[in-house]
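Single-structure report; data block below.
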Amino acid sequence: MKIMFVCTGNTCRSPMAHAFMLDMLAKYNVDDVEVDSAGLYCEEGAPISEYSKKALEHYDIEFSHESKPLTKEDIDTFDYIICMTASHKRALEDIVPKEKLFSMDDFTKKGDISDPYGQSLEVYLKTAEQIKSAISDIISKILSK
């Protein structure tokens, strides 16, 4: 199984989702799931934001990442393309098959993942908690299939 997380710039939310998913899969001893993240509107090669990195460190997760745009190859090869918001999902509806395309809310029923970009570490920590909770929901739903 292959899971791709998508946000706008691929430096904050989707890398945190990527990191939390890898961390939780390791804790459950699941090694047959490939995880990645990408952005809709990003420059290639930007590092994970400093506050995203600090938020992950708060959970004892070390994660290195460079941004990359979502590609046609990603769309073709990933089983799940999970967007941080409904608007990200809408932006992809014409190019991603509907059976692959989801928002975080589709799994959690808790709304969009808020964008912490340019805000304080406290906001990033709240977003990280929101993402961590969502990843837990996603793992329980996907792995039970």
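Simple scheme: letters A, B, ... for chains in structure tokens order, numbers from 1 for residues in each chain, numbers from 1 for ligands in the order shown.
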
message: Applying 9 Å and only C-alpha atoms, which residues near A:Phe63 remain after dropping the ones on its own chain fewer than 3 positions away? List them as a VMD selection string.
response: chain A and resid 15 to 16 19 48 53 56 to 57

Expected answer as an NGL selection string: strand (DSSP E) residues in stretch 68-113 of chain A: :A and (80-83 or 101-103)

Contacts of A:Phe5 at 9 Å (only C-alpha atoms; same-chain gap of 4+ positions) as a compact mmCIF listing (two decimals) with N, CA and C atoms, in the first residue's frame:
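New file part14.txt:
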```txt
# COMPACT_ATOMS: atom_id res chain seq x y z
N ASN A 10 4.23 21.76 0.96
CA ASN A 10 5.00 20.59 1.34
C ASN A 10 6.19 20.91 2.25
N ARG A 13 2.44 20.95 6.86
CA ARG A 13 1.44 19.94 7.21
C ARG A 13 1.71 18.56 6.63
N SER A 14 1.89 18.47 5.31
CA SER A 14 2.05 17.13 4.73
C SER A 14 3.33 16.44 5.20
N PRO A 15 4.45 17.16 5.39
CA PRO A 15 5.61 16.46 5.96
C PRO A 15 5.37 15.98 7.39
N ALA A 17 2.45 15.03 8.57
CA ALA A 17 1.60 13.85 8.41
C ALA A 17 2.45 12.65 7.98
N HIS A 18 3.35 12.87 7.07
CA HIS A 18 4.28 11.84 6.58
C HIS A 18 5.07 11.27 7.77
N VAL A 35 5.09 5.56 2.42
CA VAL A 35 4.50 6.87 2.73
C VAL A 35 5.37 7.96 2.11
N ASP A 36 4.71 9.00 1.60
CA ASP A 36 5.43 10.14 1.05
C ASP A 36 4.53 11.37 1.21
N SER A 37 5.07 12.52 0.84
CA SER A 37 4.27 13.75 0.86
C SER A 37 4.71 14.65 -0.28
N ALA A 38 3.78 15.52 -0.68
CA ALA A 38 4.05 16.43 -1.79
C ALA A 38 3.17 17.67 -1.64
N GLY A 39 3.46 18.67 -2.46
CA GLY A 39 2.70 19.92 -2.42
C GLY A 39 2.04 20.21 -3.74
N TYR A 80 -3.54 5.87 -2.03
CA TYR A 80 -4.28 6.90 -1.32
C TYR A 80 -3.55 8.22 -1.48
N ILE A 81 -4.29 9.24 -1.90
CA ILE A 81 -3.76 10.60 -1.93
C ILE A 81 -4.64 11.39 -0.96
N ILE A 82 -4.04 11.73 0.18
CA ILE A 82 -4.79 12.31 1.29
C ILE A 82 -4.39 13.77 1.46
N CYS A 83 -5.36 14.64 1.25
CA CYS A 83 -5.14 16.09 1.30
C CYS A 83 -5.44 16.64 2.69
N MET A 84 -4.75 17.71 3.04
CA MET A 84 -4.94 18.33 4.34
C MET A 84 -6.28 19.06 4.45
```

For atom CA of A:Gly45 and atom CA of A:Ile61, the interatomic separation in Å (one decimal): 20.8 Å

Using only C-alpha atoms, find each residue of stretch 36-128 of chain A with at least one atom at most 8 Å away from an atom of stretch 132-145 of chain A; report its shortest atom-to-atom pair and that distance in Å (one decimal), sort the rows by chain and rising residue number, and return the result as a tab-separated table.
```
residue	atom	partner	partner_atom	distance
A:Met104	CA	A:Ala134	CA	6.7
A:Phe107	CA	A:Ile138	CA	5.9
A:Thr108	CA	A:Ala134	CA	5.9
A:Ala128	CA	A:Lys132	CA	6.0
```
